[in-house]
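my_file_30.txt (compact mmCIF, C-alpha atoms) appears below.
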# COMPACT_ATOMS: atom_id res chain seq x y z
CA MET A 1 114.77 101.61 117.02
CA PRO A 2 116.23 100.00 113.90
CA THR A 3 114.85 100.81 110.49
CA MET A 4 114.04 97.60 108.70
CA LEU A 5 115.00 97.40 105.03
CA PRO A 6 113.68 94.98 102.42
CA THR A 7 115.03 91.46 102.73
CA THR A 8 117.29 90.03 100.04
CA TRP A 9 118.14 86.48 99.04
CA GLU A 10 120.97 84.25 97.93
CA ALA A 11 120.40 81.08 95.91
CA VAL A 12 122.78 78.13 95.65
CA TYR A 13 122.65 75.74 92.69
CA ASP A 14 123.49 72.03 92.67
CA ASP A 15 126.99 72.79 91.33
CA GLY A 16 127.73 75.18 94.19
CA THR A 17 127.41 78.39 92.23
CA THR A 18 125.53 81.19 93.92
CA VAL A 19 123.15 83.82 92.62
CA THR A 20 122.18 86.93 94.56
CA GLU A 21 120.15 90.02 93.94
CA PRO A 22 120.08 92.13 91.81
CA SER A 23 119.89 89.01 89.65
CA SER A 24 116.26 88.26 88.94
CA TYR A 25 114.32 85.78 91.01
CA HIS A 26 112.35 85.10 87.88
CA ASP A 27 115.45 83.92 86.03
CA LEU A 28 116.34 81.26 88.62
CA ASP A 29 116.39 77.67 87.43
CA ARG A 30 114.32 76.27 90.28
CA THR A 31 114.98 72.67 89.22
CA ARG A 32 118.65 73.12 90.16
CA LEU A 33 118.30 75.01 93.43
CA ARG A 34 119.75 73.36 96.52
CA ALA A 35 119.59 76.20 99.04
CA PHE A 36 117.94 79.58 99.36
CA THR A 37 118.82 82.05 102.10
CA VAL A 38 116.88 85.16 103.13
CA TYR A 39 118.89 88.04 104.58
CA ARG A 40 117.57 90.74 106.87
CA HIS A 41 118.96 94.27 106.70
CA MET A 42 118.46 97.13 109.12
CA ASP A 43 119.85 100.56 109.81
CA ILE A 44 120.74 101.01 113.48
CA GLU A 45 121.52 104.47 114.76
CA GLY A 46 125.16 104.65 115.72
CA ARG A 47 126.02 101.33 114.10
CA GLY A 48 125.09 101.85 110.49
CA ARG A 49 123.69 99.07 108.37
CA VAL A 50 123.58 95.58 109.78
CA SER A 51 122.89 92.55 107.58
CA MET A 52 122.45 88.97 108.69
CA PRO A 53 121.14 85.68 107.32
CA ALA A 54 117.70 85.01 108.73
CA LEU A 55 116.73 81.64 107.36
CA THR A 56 118.02 79.06 104.87
CA VAL A 57 115.79 76.61 103.04
CA GLN A 58 117.61 73.42 102.02
CA LEU A 59 116.05 72.01 98.88
CA GLN A 60 116.11 68.41 97.74
CA PRO A 61 115.36 67.38 94.14
CA GLY A 62 111.63 67.67 93.56
CA MET A 63 111.12 70.45 96.10
CA ARG A 64 109.93 73.67 94.52
CA LEU A 65 110.99 76.95 96.06
CA ILE A 66 108.37 79.43 97.27
CA HIS A 67 109.44 83.00 97.96
CA ARG A 68 107.60 86.29 98.26
CA ARG A 69 108.03 89.61 99.94
CA ARG A 70 104.52 90.20 101.21
CA TRP A 71 104.04 93.92 101.71
CA PHE A 72 101.42 95.69 103.82
CA GLN A 73 100.97 99.33 102.80
CA ARG A 74 98.76 101.35 105.12
CA MET A 75 97.02 104.32 103.57
CA GLY A 76 98.20 107.40 105.43
CA GLY A 77 101.65 105.98 105.98
CA GLY A 78 103.41 102.92 107.28
CA LYS A 79 104.63 99.89 105.42
CA PHE A 80 106.07 96.58 106.52
CA GLU A 81 107.22 93.33 104.96
CA VAL A 82 106.52 89.76 105.87
CA THR A 83 108.84 87.45 103.96
CA LEU A 84 107.45 84.13 102.85
CA VAL A 85 109.96 81.41 102.03
CA GLY A 86 109.64 77.66 101.83
CA TRP A 87 108.99 74.84 99.46
CA GLN A 88 106.33 72.55 98.13
CA GLU A 89 106.54 69.07 96.76
CA THR A 90 104.20 66.64 95.07
CA ARG A 91 104.30 63.14 96.52
CA ASP A 92 101.92 60.39 95.45
CA GLY A 93 99.75 63.01 93.80
CA ARG A 94 99.50 65.11 96.96
CA ASN A 95 100.89 68.57 97.49
CA PHE A 96 103.03 69.11 100.58
CA GLN A 97 104.14 72.54 101.71
CA CYS A 98 106.61 73.84 104.26
CA LEU A 99 106.30 77.60 104.73
CA ALA A 100 108.13 80.10 106.92
CA TYR A 101 106.89 83.63 107.52
CA LEU A 102 109.52 86.11 108.70
CA PHE A 103 107.99 89.05 110.54
CA PRO A 104 109.67 92.43 110.99
CA ASP A 105 109.91 91.95 114.76
CA GLY A 106 112.17 88.96 114.20
CA ARG A 107 109.54 86.31 114.77
CA ILE A 108 109.39 83.34 112.39
CA GLU A 109 106.24 81.27 112.00
CA MET A 110 106.20 77.85 110.38
CA HIS A 111 103.13 76.56 108.54
CA ASP A 112 102.37 73.38 106.64
CA ARG A 113 100.02 74.98 104.14
CA PHE A 114 98.61 78.26 102.90
CA ARG A 115 95.51 79.58 104.61
CA ASP A 116 92.57 81.36 103.07
CA ASP A 117 91.38 82.83 106.34
CA HIS A 118 94.06 85.49 106.77
CA VAL A 119 95.62 87.90 104.30
CA CYS A 120 99.11 87.26 105.69
CA TYR A 121 98.99 83.52 105.01
CA ARG A 122 97.03 83.56 101.76
CA PRO A 123 98.15 81.42 98.82
CA ILE A 124 100.56 82.95 96.35
CA GLU A 125 99.57 83.65 92.76
CA PRO A 126 102.23 82.36 90.34
CA PHE A 127 103.93 84.95 88.16
CA ALA A 128 104.16 84.41 84.43
CA SER A 129 107.77 83.28 84.87
CA GLU A 130 106.73 80.53 87.27
CA HIS A 131 105.43 77.91 84.93
CA GLU A 132 104.69 74.28 85.66
CA GLY A 133 107.79 72.30 86.53
CA ASN A 134 109.94 75.32 87.24
CA GLY A 135 107.96 77.40 89.58
CA ASP A 136 105.82 78.02 92.54
CA GLU A 137 102.64 76.66 91.09
CA THR A 138 100.16 75.72 93.74
CA MET B 1 115.87 95.70 96.20
CA ALA B 2 112.19 96.26 96.18
CA LEU B 3 109.52 97.91 94.12
CA THR B 4 108.26 101.29 95.24
CA MET B 5 104.51 101.00 95.25
CA LEU B 6 102.41 104.06 95.97
CA VAL B 7 98.77 104.45 96.90
CA ASN B 8 97.32 106.87 94.36
CA THR B 9 94.03 108.56 93.63
CA CYS B 10 92.68 110.69 90.81
CA TRP B 11 89.72 112.99 90.31
CA GLY B 12 88.05 115.59 88.14
CA GLY B 13 88.29 115.79 84.37
CA SER B 14 85.93 113.61 82.39
CA ASP B 15 85.12 109.94 82.03
CA GLY B 16 88.28 108.08 81.03
CA SER B 17 90.42 111.16 81.57
CA PRO B 18 91.00 112.37 85.15
CA GLY B 19 91.78 116.04 85.58
CA THR B 20 94.27 115.22 88.34
CA ASP B 21 95.94 111.86 87.88
CA ASP B 22 98.23 109.76 90.05
CA GLN B 23 98.07 111.84 93.20
CA ASP B 24 100.21 110.14 95.81
CA ILE B 25 98.29 109.58 99.04
CA THR B 26 100.63 106.93 100.44
CA SER B 27 101.47 109.17 103.38
CA ALA B 28 98.50 111.51 103.12
CA ASN B 29 94.77 111.09 103.55
CA LEU B 30 91.83 110.30 101.41
CA ARG B 31 89.32 113.09 102.01
CA PHE B 32 85.67 112.30 101.44
CA LYS B 33 83.74 115.45 100.50
CA TRP B 34 80.69 116.47 98.55
CA ILE B 35 82.85 117.90 95.78
CA ASP B 36 85.32 115.97 93.71
CA ASN B 37 88.85 116.68 94.88
CA ASN B 38 91.32 115.36 97.43
CA THR B 39 92.68 118.64 98.68
CA GLN B 40 93.80 118.21 102.29
CA ASP B 41 91.44 120.78 103.77
CA ALA B 42 88.16 120.88 105.69
CA ASN B 43 86.11 122.48 102.96
CA ASN B 44 83.02 121.00 101.34
CA LYS B 45 82.06 118.87 104.29
CA ILE B 46 79.40 116.24 103.92
CA GLN B 47 76.23 117.53 105.58
CA ILE B 48 74.40 115.25 107.99
CA PRO B 49 70.91 114.77 106.57
CA GLY B 50 67.70 115.22 108.55
CA ALA B 51 66.62 111.84 107.25
CA GLY B 52 67.91 109.24 104.86
CA THR B 53 71.45 109.05 103.51
CA VAL B 54 73.80 111.41 101.71
CA TYR B 55 76.81 110.34 99.69
CA SER B 56 80.31 111.70 99.19
CA LYS B 57 81.80 111.93 95.76
CA TRP B 58 83.19 108.50 94.96
CA LYS B 59 86.93 107.94 94.99
CA HIS B 60 89.21 106.02 92.65
CA VAL B 61 92.11 104.45 94.56
CA TYR B 62 94.85 102.18 93.26
CA LEU B 63 98.44 101.04 93.63
CA ARG B 64 101.04 102.36 91.20
CA CYS B 65 104.66 101.28 90.78
CA SER B 66 106.89 104.37 90.86
CA ALA B 67 110.30 102.68 90.93
CA ARG B 68 111.63 99.28 89.93
CA PRO B 69 115.31 98.91 90.78
CA GLY B 70 115.67 95.40 89.37
CA SER B 71 113.41 92.73 87.88
CA GLU B 72 110.84 92.69 90.65
CA MET B 73 107.20 91.92 89.97
CA ALA B 74 104.04 92.33 92.05
CA ASN B 75 100.67 90.61 92.13
CA ASN B 76 98.15 89.11 94.58
CA VAL B 77 96.86 92.49 95.75
CA LYS B 78 94.32 92.74 98.58
CA PHE B 79 92.52 95.64 100.26
CA TYR B 80 91.05 95.62 103.74
CA SER B 81 90.36 97.49 106.97
CA ASP B 82 90.75 96.65 110.64
CA GLY B 83 87.11 95.58 110.68
CA SER B 84 86.00 98.12 113.27
CA ASN B 85 83.91 101.12 112.28
CA PRO B 86 84.79 103.91 114.75
CA TRP B 87 81.92 106.14 113.65
CA THR B 88 78.18 106.28 114.18
CA GLY B 89 76.00 106.89 111.16
CA VAL B 90 78.98 106.98 108.83
CA ASP B 91 80.37 104.19 106.68
CA ILE B 92 82.69 103.75 103.73
CA TYR B 93 81.71 101.39 100.97
CA ALA B 94 83.92 99.72 98.37
CA GLY B 95 82.64 98.54 95.04
CA ASP B 96 82.60 94.76 94.79
CA THR B 97 83.90 95.06 91.24
CA LEU B 98 86.92 97.07 90.19
CA ALA B 99 86.97 99.53 87.31
CA THR B 100 89.38 98.96 84.43
CA HIS B 101 92.69 100.76 84.75
CA THR B 102 96.14 100.21 83.27
CA SER B 103 99.24 102.29 82.68
CA ALA B 104 97.91 102.94 79.19
CA SER B 105 94.26 103.54 79.93
CA ASN B 106 91.90 105.13 82.43
CA ALA B 107 88.96 103.52 80.66
CA GLY B 108 87.21 102.62 83.92
CA TYR B 109 87.47 106.09 85.37
CA GLU B 110 84.11 107.79 85.75
CA VAL B 111 84.14 111.30 87.11
CA ASP B 112 81.62 111.88 89.85
CA ASP B 113 79.74 114.82 88.36
CA THR B 114 76.43 113.30 89.34
CA SER B 115 75.31 116.08 91.59
CA THR B 116 76.10 119.71 92.14
CA ASP B 117 74.68 119.75 95.66
CA ALA B 118 75.70 118.03 98.85
CA THR B 119 73.46 114.98 98.64
CA GLY B 120 75.37 112.90 96.08
CA THR B 121 74.17 109.61 94.66
CA ASP B 122 74.83 105.98 95.53
CA MET B 123 77.73 104.76 93.39
CA ASP B 124 76.06 101.38 92.97
CA THR B 125 72.32 101.94 92.77
CA GLY B 126 71.97 105.68 92.34
CA THR B 127 70.92 107.55 89.23
CA PRO B 128 73.41 108.10 87.82
CA ASN B 129 75.98 105.80 89.35
CA HIS B 130 79.43 104.42 88.61
CA THR B 131 78.87 101.86 85.88
CA GLY B 132 82.02 99.99 86.92
CA VAL B 133 80.49 99.16 90.29
CA THR B 134 78.28 96.12 90.70
CA GLY B 135 77.44 95.67 94.34
CA GLN B 136 79.21 97.26 97.27
CA THR B 137 80.44 96.23 100.69
CA SER B 138 81.32 98.23 103.77
CA VAL B 139 85.10 98.43 104.04
CA PHE B 140 84.64 97.36 107.65
CA SER B 141 83.47 94.01 106.34
CA LEU B 142 86.67 93.77 104.33
CA THR B 143 89.12 92.41 106.87
CA SER B 144 92.39 90.55 107.01
CA GLY B 145 90.30 87.41 106.96
CA SER B 146 88.10 88.49 104.09
CA PRO B 147 89.81 91.19 102.00
CA LEU B 148 88.82 92.60 98.63
CA ASP B 149 90.68 91.05 95.69
CA VAL B 150 92.31 93.91 93.80
CA THR B 151 92.70 92.81 90.22
CA ILE B 152 95.43 93.92 87.82
CA GLY B 153 94.61 94.74 84.21
CA GLU B 154 98.23 94.92 83.06
CA ALA B 155 99.75 92.17 80.90
CA SER B 156 99.95 88.79 82.66
CA SER B 157 97.92 90.30 85.52
CA GLN B 158 101.10 91.47 87.22
CA ILE B 159 102.92 94.75 87.80
CA ASP B 160 106.39 94.60 86.31
CA ALA B 161 107.14 98.10 85.02
CA VAL B 162 107.22 101.64 86.32
CA ASN B 163 103.80 103.31 86.19
CA GLU B 164 101.91 100.04 85.99
CA VAL B 165 98.86 100.03 88.22
CA THR B 166 96.08 97.99 89.73
CA ASN B 167 92.52 98.42 88.62
CA PHE B 168 90.50 101.09 90.42
CA VAL B 169 89.05 100.40 93.85
CA ILE B 170 85.98 102.62 94.08
CA LEU B 171 85.18 104.03 97.52
CA GLN B 172 82.34 106.19 98.77
CA MET B 173 81.37 107.52 102.19
CA GLN B 174 77.72 107.33 103.22
CA VAL B 175 76.33 109.47 106.02
CA THR B 176 72.97 108.99 107.70
CA SER B 177 70.94 111.16 110.05
CA SER B 178 72.34 109.34 113.10
CA ALA B 179 75.82 110.74 112.52
CA SER B 180 77.32 113.31 114.87
CA PRO B 181 79.07 116.45 113.67
CA ALA B 182 82.85 116.19 113.44
CA SER B 183 85.43 118.03 111.40
CA PRO B 184 87.16 115.96 110.39
CA LEU B 185 86.11 112.51 111.57
CA ALA B 186 88.65 110.48 113.47
CA GLY B 187 90.93 108.82 110.94
CA GLU B 188 90.62 105.23 109.86
CA THR B 189 93.42 103.23 108.28
CA LEU B 190 92.88 101.07 105.22
CA THR B 191 95.54 98.71 103.96
CA PHE B 192 96.76 97.37 100.64
CA SER B 193 98.76 94.14 100.66
CA TYR B 194 100.67 92.72 97.70
CA ASP B 195 103.26 90.09 96.90
CA GLU B 196 106.60 90.83 95.33
CA SER B 197 109.39 88.68 93.98
Please express the file's structure as structure tokens.
Amino acid sequence: MPTMLPTTWEAVYDDGTTVTEPSSYHDLDRTRLRAFTVYRHMDIEGRGRVSMPALTVQLQPGMRLIHRRRWFQRMGGGKFEVTLVGWQETRDGRNFQCLAYLFPDGRIEMHDRFRDDHVCYRPIEPFASEHEGNGDET
Amino acid sequence: MALTMLVNTCWGGSDGSPGTDDQDITSANLRFKWIDNNTQDANNKIQIPGAGTVYSKWKHVYLRCSARPGSEMANNVKFYSDGSNPWTGVDIYAGDTLATHTSASNAGYEVDDTSTDATGTDMDTGTPNHTGVTGQTSVFSLTSGSPLDVTIGEASSQIDAVNEVTNFVILQMQVTSSASPASPLAGETLTFSYDES
């Protein structure tokens, strides 16, 4: 049984330069992002650590990146991550979203909006670094 | 690269100043008793009443960041159960409001020294009660579809430094005369969820 490790990301700007962790997500210039890739990592007994790209979001001008590691910490032990990655865009005054949820079992779900009826799909809350025009504002 | 977030509790001491602070229960249990500690033993059991309801000492539970390898931040914290109460005559309630708590202050901490016997008092409506609690809801009504919002009193309402915390979730077990003896009760798992970037 592999041990899942936290996902990481790689961002690509419009001039082709790349930024990866441990650079800060909060320092990204989201207006210049053209691609954002989430990587999965796992420790497999007998094979060591295996890393692989799981999903790439291609971003066009005007699309605003959305990314979160959504953690579920059970009291008494047990923790898992669902990675949220996607984009939103305002067209004709309307907000459009394209969201992917990466589950630890390898499954990927696509959604066209946040949902208030389940904790896994709830809307994000912008961080202080995610201000209007450069962030994940919803 | 990810934050290390622990589930913590605290007890004892005096209002605003827990005697035991930041006890890690991430991989342990929260033990509801009629005295105020979280020692992992079977002492000080809640006694099933002949009639009416008795109350455990209330618990202060929260998330605390113990390690921050990079520039990660956390917010959007929720708390919920699986929605299924496995017990008869026993329930756990969560305060609808959270008590103030930051890395610099335990201002919302109120020690449960309300009773020296096994009956306890209701954290919401009892005399005395926890003044940080206004209304309460069974944790089994707090589900993945309707979780409790766990607020953050730190700057910018986010956790972005080691030892920063959420506000206190206040929990209390209530036992009625219809309960059956058990020592301890079958375990129940409660979950915190949070976002990180």
Using only C-alpha atoms, find each residue of stretch 24-123 of chain A with at least one atom at most 10 Å away from an atom of stretch 11-17 of chain A; report its shortest atom-to-atom pair and that distance in Å (one decimal), sort the rows by chain and rising residue number, and return the result as a tab-separated table.
residue	atom	partner	partner_atom	distance
A:Tyr25	CA	A:Ala11	CA	9.1
A:Leu28	CA	A:Ala11	CA	8.3
A:Asp29	CA	A:Tyr13	CA	8.4
A:Arg30	CA	A:Tyr13	CA	8.7
A:Thr31	CA	A:Tyr13	CA	9.0
A:Arg32	CA	A:Tyr13	CA	5.4
A:Leu33	CA	A:Tyr13	CA	4.5
A:Arg34	CA	A:Tyr13	CA	5.4
A:Ala35	CA	A:Val12	CA	5.0
A:Phe36	CA	A:Ala11	CA	4.5
A:Thr37	CA	A:Ala11	CA	6.5
A:Val38	CA	A:Ala11	CA	9.0
A:Thr56	CA	A:Ala11	CA	9.5
A:Val57	CA	A:Ala11	CA	9.6
A:Gln58	CA	A:Val12	CA	9.5
A:Leu59	CA	A:Val12	CA	9.7
A:Gln60	CA	A:Asp14	CA	9.7
A:Pro61	CA	A:Asp14	CA	9.5
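Candidate residues A:Val19, A:Met52, A:Met110, A:Met75 were compared for distance to chain B, and the nearest is A:Met75, using only C-alpha atoms.
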Could you pull the residues within 7 Å of B:Thr26, counting only C-alpha atoms, minus those fewer than 2 positions along the same chain, as JSON, numbers by chain?
-> {"A": [75, 76, 77], "B": [6, 7, 8, 24, 28]}
Please produce an output containing C-alpha atoms for each residue in the selection, written as an mmCIF file, keeping the file's coordinate frame.
data_model
loop_
_atom_site.group_PDB
_atom_site.id
_atom_site.type_symbol
_atom_site.label_atom_id
_atom_site.label_comp_id
_atom_site.auth_asym_id
_atom_site.auth_seq_id
_atom_site.Cartn_x
_atom_site.Cartn_y
_atom_site.Cartn_z
ATOM 1 C CA MET A 75 97.020 104.320 103.570
ATOM 2 C CA GLY A 76 98.200 107.400 105.430
ATOM 3 C CA GLY A 77 101.650 105.980 105.980
ATOM 4 C CA LEU B 6 102.410 104.060 95.970
ATOM 5 C CA VAL B 7 98.770 104.450 96.900
ATOM 6 C CA ASN B 8 97.320 106.870 94.360
ATOM 7 C CA ASP B 24 100.210 110.140 95.810
ATOM 8 C CA ALA B 28 98.500 111.510 103.120
#
note - atom CA of B:Ser81 and atom CA of B:Asn38 are separated by 20.3 Å
Using only C-alpha atoms, I'd like a table of the residues in chain A that come within 9 Å of chain B; for each, show the closest atom pair and its distance in Å rounded to one decimal, ordered by chain and ascending number, as JSON lines.
{"residue": "A:Pro6", "atom": "CA", "partner": "B:Ala2", "partner_atom": "CA", "distance": 6.5}
{"residue": "A:Thr7", "atom": "CA", "partner": "B:Met1", "partner_atom": "CA", "distance": 7.8}
{"residue": "A:Thr8", "atom": "CA", "partner": "B:Met1", "partner_atom": "CA", "distance": 7.0}
{"residue": "A:Glu21", "atom": "CA", "partner": "B:Met1", "partner_atom": "CA", "distance": 7.5}
{"residue": "A:Pro22", "atom": "CA", "partner": "B:Gly70", "partner_atom": "CA", "distance": 6.0}
{"residue": "A:Ser23", "atom": "CA", "partner": "B:Gly70", "partner_atom": "CA", "distance": 7.7}
{"residue": "A:Ser24", "atom": "CA", "partner": "B:Ser71", "partner_atom": "CA", "distance": 5.4}
{"residue": "A:Tyr25", "atom": "CA", "partner": "B:Ser197", "partner_atom": "CA", "distance": 6.4}
{"residue": "A:His26", "atom": "CA", "partner": "B:Ser197", "partner_atom": "CA", "distance": 7.7}
{"residue": "A:His67", "atom": "CA", "partner": "B:Ser197", "partner_atom": "CA", "distance": 6.9}
{"residue": "A:Arg68", "atom": "CA", "partner": "B:Ser197", "partner_atom": "CA", "distance": 5.2}
{"residue": "A:Arg69", "atom": "CA", "partner": "B:Glu196", "partner_atom": "CA", "distance": 5.0}
{"residue": "A:Arg70", "atom": "CA", "partner": "B:Asp195", "partner_atom": "CA", "distance": 4.5}
{"residue": "A:Trp71", "atom": "CA", "partner": "B:Tyr194", "partner_atom": "CA", "distance": 5.4}
{"residue": "A:Phe72", "atom": "CA", "partner": "B:Ser193", "partner_atom": "CA", "distance": 4.4}
{"residue": "A:Gln73", "atom": "CA", "partner": "B:Phe192", "partner_atom": "CA", "distance": 5.1}
{"residue": "A:Arg74", "atom": "CA", "partner": "B:Thr191", "partner_atom": "CA", "distance": 4.3}
{"residue": "A:Met75", "atom": "CA", "partner": "B:Thr26", "partner_atom": "CA", "distance": 5.4}
{"residue": "A:Gly76", "atom": "CA", "partner": "B:Ser27", "partner_atom": "CA", "distance": 4.2}
{"residue": "A:Gly77", "atom": "CA", "partner": "B:Ser27", "partner_atom": "CA", "distance": 4.1}
{"residue": "A:Gly78", "atom": "CA", "partner": "B:Ser27", "partner_atom": "CA", "distance": 7.6}
{"residue": "A:Asp116", "atom": "CA", "partner": "B:Gly145", "partner_atom": "CA", "distance": 7.5}
{"residue": "A:Asp117", "atom": "CA", "partner": "B:Gly145", "partner_atom": "CA", "distance": 4.7}
{"residue": "A:His118", "atom": "CA", "partner": "B:Gly145", "partner_atom": "CA", "distance": 4.2}
{"residue": "A:Val119", "atom": "CA", "partner": "B:Ser144", "partner_atom": "CA", "distance": 5.0}
{"residue": "A:Cys120", "atom": "CA", "partner": "B:Ser144", "partner_atom": "CA", "distance": 7.6}
{"residue": "A:Pro123", "atom": "CA", "partner": "B:Asn76", "partner_atom": "CA", "distance": 8.8}
{"residue": "A:Ile124", "atom": "CA", "partner": "B:Asn76", "partner_atom": "CA", "distance": 6.8}
{"residue": "A:Glu125", "atom": "CA", "partner": "B:Asn76", "partner_atom": "CA", "distance": 5.9}
{"residue": "A:Pro126", "atom": "CA", "partner": "B:Asn75", "partner_atom": "CA", "distance": 8.6}
{"residue": "A:Phe127", "atom": "CA", "partner": "B:Gln158", "partner_atom": "CA", "distance": 7.2}
{"residue": "A:Ala128", "atom": "CA", "partner": "B:Ser156", "partner_atom": "CA", "distance": 6.3}
Output C-alpha atoms for every residue in the selection just made, as a PDB file, in the frame of the given file.
ATOM      1  CA  PRO A   6     113.680  94.980 102.420  1.00  0.00           C
ATOM      2  CA  THR A   7     115.030  91.460 102.730  1.00  0.00           C
ATOM      3  CA  THR A   8     117.290  90.030 100.040  1.00  0.00           C
ATOM      4  CA  GLU A  21     120.150  90.020  93.940  1.00  0.00           C
ATOM      5  CA  PRO A  22     120.080  92.130  91.810  1.00  0.00           C
ATOM      6  CA  SER A  23     119.890  89.010  89.650  1.00  0.00           C
ATOM      7  CA  SER A  24     116.260  88.260  88.940  1.00  0.00           C
ATOM      8  CA  TYR A  25     114.320  85.780  91.010  1.00  0.00           C
ATOM      9  CA  HIS A  26     112.350  85.100  87.880  1.00  0.00           C
ATOM     10  CA  HIS A  67     109.440  83.000  97.960  1.00  0.00           C
ATOM     11  CA  ARG A  68     107.600  86.290  98.260  1.00  0.00           C
ATOM     12  CA  ARG A  69     108.030  89.610  99.940  1.00  0.00           C
ATOM     13  CA  ARG A  70     104.520  90.200 101.210  1.00  0.00           C
ATOM     14  CA  TRP A  71     104.040  93.920 101.710  1.00  0.00           C
ATOM     15  CA  PHE A  72     101.420  95.690 103.820  1.00  0.00           C
ATOM     16  CA  GLN A  73     100.970  99.330 102.800  1.00  0.00           C
ATOM     17  CA  ARG A  74      98.760 101.350 105.120  1.00  0.00           C
ATOM     18  CA  MET A  75      97.020 104.320 103.570  1.00  0.00           C
ATOM     19  CA  GLY A  76      98.200 107.400 105.430  1.00  0.00           C
ATOM     20  CA  GLY A  77     101.650 105.980 105.980  1.00  0.00           C
ATOM     21  CA  GLY A  78     103.410 102.920 107.280  1.00  0.00           C
ATOM     22  CA  ASP A 116      92.570  81.360 103.070  1.00  0.00           C
ATOM     23  CA  ASP A 117      91.380  82.830 106.340  1.00  0.00           C
ATOM     24  CA  HIS A 118      94.060  85.490 106.770  1.00  0.00           C
ATOM     25  CA  VAL A 119      95.620  87.900 104.300  1.00  0.00           C
ATOM     26  CA  CYS A 120      99.110  87.260 105.690  1.00  0.00           C
ATOM     27  CA  PRO A 123      98.150  81.420  98.820  1.00  0.00           C
ATOM     28  CA  ILE A 124     100.560  82.950  96.350  1.00  0.00           C
ATOM     29  CA  GLU A 125      99.570  83.650  92.760  1.00  0.00           C
ATOM     30  CA  PRO A 126     102.230  82.360  90.340  1.00  0.00           C
ATOM     31  CA  PHE A 127     103.930  84.950  88.160  1.00  0.00           C
ATOM     32  CA  ALA A 128     104.160  84.410  84.430  1.00  0.00           C
TER      33      ALA A 128
END
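Taking all atoms listed in the file into account, those protein, DNA and RNA residues with any atom at most 9 Å away from (111.2, 70.0, 98.1) amount to Gln58, Leu59, Gln60, Pro61, Gly62, Met63, Arg64, Leu65, Gly86, Trp87, Gln88, Glu89, Thr90, Phe96, Gln97 and Cys98 of chain A.
The interatomic distance for the pair atom CA of B:Thr97 and atom CA of B:Thr134 works out to 5.7 Å.
Considering the residues B:Trp87, B:Trp11, B:Trp34, B:Tyr93 and counting all atoms listed in the file, B:Gln172 has its shortest atom-to-atom contact with B:Tyr93.
Atom CA of A:Pro104 to atom CA of B:Cys65 spans 22.6 Å [interatomic distance, one decimal].
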